[in-house]
Amino acid sequence: METLHDLLASRNVEPELHQMLLTLADCATEISALVRGGALAGVLGATESENVQGETQKKLDVIANDLIKRKLAAQPLVKALASEEEDHVVASHDSGRFLISFDPLDGSSNIDINSLVGTIFSVLPAQQGVVSEAAFMQPGENQLAACYMLYGPATVMALTTGQGTWMFTLDPTSDEFVLVNPAVKVPQQTAEFAINMSNQRFWQPAMQGYIEELLQGKAGTRGKDFNMRWIAAMVGDVHRVLSRGGIFAYPTDTKDPAKPFKLRLMYEANPMAFLVEQSGGLASTGYERIMAIQPDHIHQRVAVILGSRREVEHCLQHHG
Ligand code: F6P
């Protein structure tokens, strides 16, 4: 039985990053317990407030955000944090080495229906000097680590520090994350896609054309039938992609002209892109590699197409 700590030590992850990752795992262990308690833990339902993105905050969004803020404030390695639920960057320890951006509870619309939710973290290097939002404006390529924790029938964690992707399961008897897959590999080919089909009429022609080919199945140019899945929590959909392959997309749409993209670069797209690339998959906006994007603000949103290499390539061919 190899724990997260054993694995990080055996892969020579540098001691401070190792410590940082144990703190992130600790946050997830506590959130996992709250999620398991459900209505009994008093965590279901909505609050009266909205986040900076204009979305109604669920109680568990706020509870998870506060819990992570509290844990990170007690970790001197953290220089500052950026959360999907915070309007601004929160400064922490001046001498801290890491900038942490996170989505405390991804897929919050699933909370009240007892379906999949998770937490996503991205770790960036901090520069010396006063911390500001500008310090976070680093492309995903700069990430030192990325992970998600998925609170499903089991609590699992996928983690990368750039040496491949590792998968862990939280052992409920010891509260330790135990290694279950030391080298996650996303199959190159797939016959499974994940996209919110209800937005179909709002997509650009490139995505319309690609999905149309998949829907034609055996009779069409792709010559095979495809299956569709949509969990409505990126952590759940990406976990399926890492587990058995697939393509996941949240493309540009014109549903709300003021909001052409849904997913956030710093809290969702970059960490997931790092995990997928480290598992042999691809992650693109349709026009550029997600991890190459130079961010211009912490709550920036982007189009996301990720998953099995060959399938993402098919999709990208439609984008020219
Ligand atoms: O953070 C946004 C998110 O909840 C993702 O986790 C998920 O993939 C997506 O939104 C679901 O979107 P929709 O509401 O269109 O199904």
# chains A, B, ... in the order shown; residues from 1 in each chain; ligands from 1
>>> residues_around(residues="A:Asp112", least_positions_apart="2", cutoff="9 Å", atoms="only C-alpha atoms", output="list in words")
Gly38, Ala39, Leu44, Gly45, Ser108, Ser109, Asn110, Asn114 and Ser115 of chain A
>>> write_last_selection(atoms="C-alpha atoms", output="PDB file, in the first residue's frame")
ATOM      1  CA  GLY A  38     -25.026  15.508   2.900  1.00  0.00           C
ATOM      2  CA  ALA A  39     -28.229  16.806   4.445  1.00  0.00           C
ATOM      3  CA  LEU A  44     -27.113  21.191   1.058  1.00  0.00           C
ATOM      4  CA  GLY A  45     -29.059  24.069  -0.490  1.00  0.00           C
ATOM      5  CA  SER A 108     -22.096  22.531  -7.652  1.00  0.00           C
ATOM      6  CA  SER A 109     -25.420  21.990  -9.448  1.00  0.00           C
ATOM      7  CA  ASN A 110     -24.910  18.299  -8.595  1.00  0.00           C
ATOM      8  CA  ASN A 114     -26.335  13.591  -4.586  1.00  0.00           C
ATOM      9  CA  SER A 115     -24.305  13.366  -7.774  1.00  0.00           C
TER      10      SER A 115
END
>>> select_by_dssp(residues="stretch 35-255 of chain A", states="strand (DSSP E)", output="number ranges by chain")
A: 46-50, 56-58, 78-83, 90-91, 98-106, 117-125, 145-151, 155-160, 165-171, 176-181, 192-194, 227-228, 247-250
>>> residues_near_ligand(ligand="ligand 1", cutoff="6 Å", atoms="only C-alpha atoms and all ligand atoms", output="number ranges by chain")
A: 106-107, 196, 232-234, 263
>>> write_last_selection(atoms="N, CA and C atoms", output="PDB file, in the first residue's frame")
ATOM      1  N   ASP A 106     -16.353  21.965  -7.666  1.00  0.00           N
ATOM      2  CA  ASP A 106     -16.729  21.938  -9.079  1.00  0.00           C
ATOM      3  C   ASP A 106     -17.989  21.102  -9.270  1.00  0.00           C
ATOM      4  N   GLY A 107     -18.882  21.601 -10.123  1.00  0.00           N
ATOM      5  CA  GLY A 107     -20.117  20.863 -10.427  1.00  0.00           C
ATOM      6  C   GLY A 107     -21.170  21.081  -9.363  1.00  0.00           C
ATOM      7  N   ASN A 196     -22.528  19.294 -23.702  1.00  0.00           N
ATOM      8  CA  ASN A 196     -23.922  19.634 -23.381  1.00  0.00           C
ATOM      9  C   ASN A 196     -24.676  19.875 -24.689  1.00  0.00           C
ATOM     10  N   ALA A 232     -22.142  16.861 -16.035  1.00  0.00           N
ATOM     11  CA  ALA A 232     -22.397  18.244 -15.615  1.00  0.00           C
ATOM     12  C   ALA A 232     -21.512  18.669 -14.453  1.00  0.00           C
ATOM     13  N   ALA A 233     -20.414  17.951 -14.272  1.00  0.00           N
ATOM     14  CA  ALA A 233     -19.342  18.373 -13.359  1.00  0.00           C
ATOM     15  C   ALA A 233     -18.064  18.011 -14.103  1.00  0.00           C
ATOM     16  N   MET A 234     -17.237  19.014 -14.398  1.00  0.00           N
ATOM     17  CA  MET A 234     -16.043  18.738 -15.193  1.00  0.00           C
ATOM     18  C   MET A 234     -15.170  17.664 -14.547  1.00  0.00           C
ATOM     19  N   LEU A 263     -16.024  27.564 -19.061  1.00  0.00           N
ATOM     20  CA  LEU A 263     -15.073  27.050 -18.067  1.00  0.00           C
ATOM     21  C   LEU A 263     -13.938  28.034 -17.804  1.00  0.00           C
TER      22      LEU A 263
END
>>> closest_atom_pairs(of="stretch 175-239 of chain A", to="stretch 275-292 of chain A", cutoff="12 Å", atoms="only C-alpha atoms", output="Markdown table")
| residue | atom | partner | partner_atom | distance |
| --- | --- | --- | --- | --- |
| A:Asn181 | CA | A:Ser279 | CA | 11.4 |
| A:Pro182 | CA | A:Ser279 | CA | 10.7 |
| A:Ala183 | CA | A:Ser279 | CA | 7.5 |
| A:Val184 | CA | A:Ser279 | CA | 5.4 |
| A:Lys185 | CA | A:Ser279 | CA | 4.7 |
| A:Val186 | CA | A:Ser279 | CA | 5.6 |
| A:Pro187 | CA | A:Gly281 | CA | 7.9 |
| A:Gln188 | CA | A:Gly281 | CA | 7.1 |
| A:Gln189 | CA | A:Gly281 | CA | 10.0 |
| A:Thr190 | CA | A:Gly281 | CA | 11.4 |
| A:Gln204 | CA | A:Gly286 | CA | 10.8 |
| A:Ala206 | CA | A:Gly286 | CA | 8.9 |
| A:Met207 | CA | A:Gly286 | CA | 9.0 |
| A:Tyr210 | CA | A:Gly286 | CA | 11.4 |
| A:Val235 | CA | A:Leu275 | CA | 11.4 |
| A:Asp237 | CA | A:Val276 | CA | 11.8 |
| A:Val238 | CA | A:Val276 | CA | 8.2 |
| A:His239 | CA | A:Val276 | CA | 9.7 |
>>> closest_residue(among="A:Glu48, A:Glu192, A:Asp87, A:Glu212", to="A:Arg229", atoms="only C-alpha atoms")
A:Glu192
>>> decode(residues="stretch 163-198 of chain A", atoms="C-alpha atoms", output="short mmCIF file (atom, residue, chain, number, x, y, z; two decimals), in the first residue's frame")
data_model
loop_
_atom_site.label_atom_id
_atom_site.label_comp_id
_atom_site.auth_asym_id
_atom_site.auth_seq_id
_atom_site.Cartn_x
_atom_site.Cartn_y
_atom_site.Cartn_z
CA GLN A 163 6.09 13.15 -14.18
CA GLY A 164 2.93 11.53 -15.57
CA THR A 165 -0.44 11.34 -13.80
CA TRP A 166 -1.05 9.36 -10.61
CA MET A 167 -4.42 8.20 -9.32
CA PHE A 168 -5.25 7.66 -5.64
CA THR A 169 -8.26 6.49 -3.66
CA LEU A 170 -9.02 7.86 -0.20
CA ASP A 171 -8.97 5.00 2.29
CA PRO A 172 -11.91 5.80 4.60
CA THR A 173 -10.40 3.77 7.44
CA SER A 174 -7.09 5.68 7.57
CA ASP A 175 -7.97 8.95 5.74
CA GLU A 176 -4.89 8.36 3.56
CA PHE A 177 -4.84 8.73 -0.20
CA VAL A 178 -3.55 5.37 -1.47
CA LEU A 179 -1.99 4.96 -4.92
CA VAL A 180 -4.18 2.92 -7.28
CA ASN A 181 -2.63 3.80 -10.65
CA PRO A 182 0.99 4.97 -10.93
CA ALA A 183 0.78 5.82 -14.64
CA VAL A 184 -2.62 6.93 -15.94
CA LYS A 185 -2.84 6.55 -19.73
CA VAL A 186 -5.75 8.00 -21.71
CA PRO A 187 -6.49 5.62 -24.62
CA GLN A 188 -5.65 7.37 -27.91
CA GLN A 189 -8.91 6.33 -29.59
CA THR A 190 -12.44 6.52 -28.23
CA ALA A 191 -16.08 6.15 -29.18
CA GLU A 192 -17.42 8.29 -26.32
CA PHE A 193 -18.05 12.03 -26.24
CA ALA A 194 -19.20 14.45 -23.54
CA ILE A 195 -20.78 17.77 -24.46
CA ASN A 196 -23.92 19.63 -23.38
CA MET A 197 -26.03 18.86 -26.48
CA SER A 198 -28.72 21.34 -25.42
#
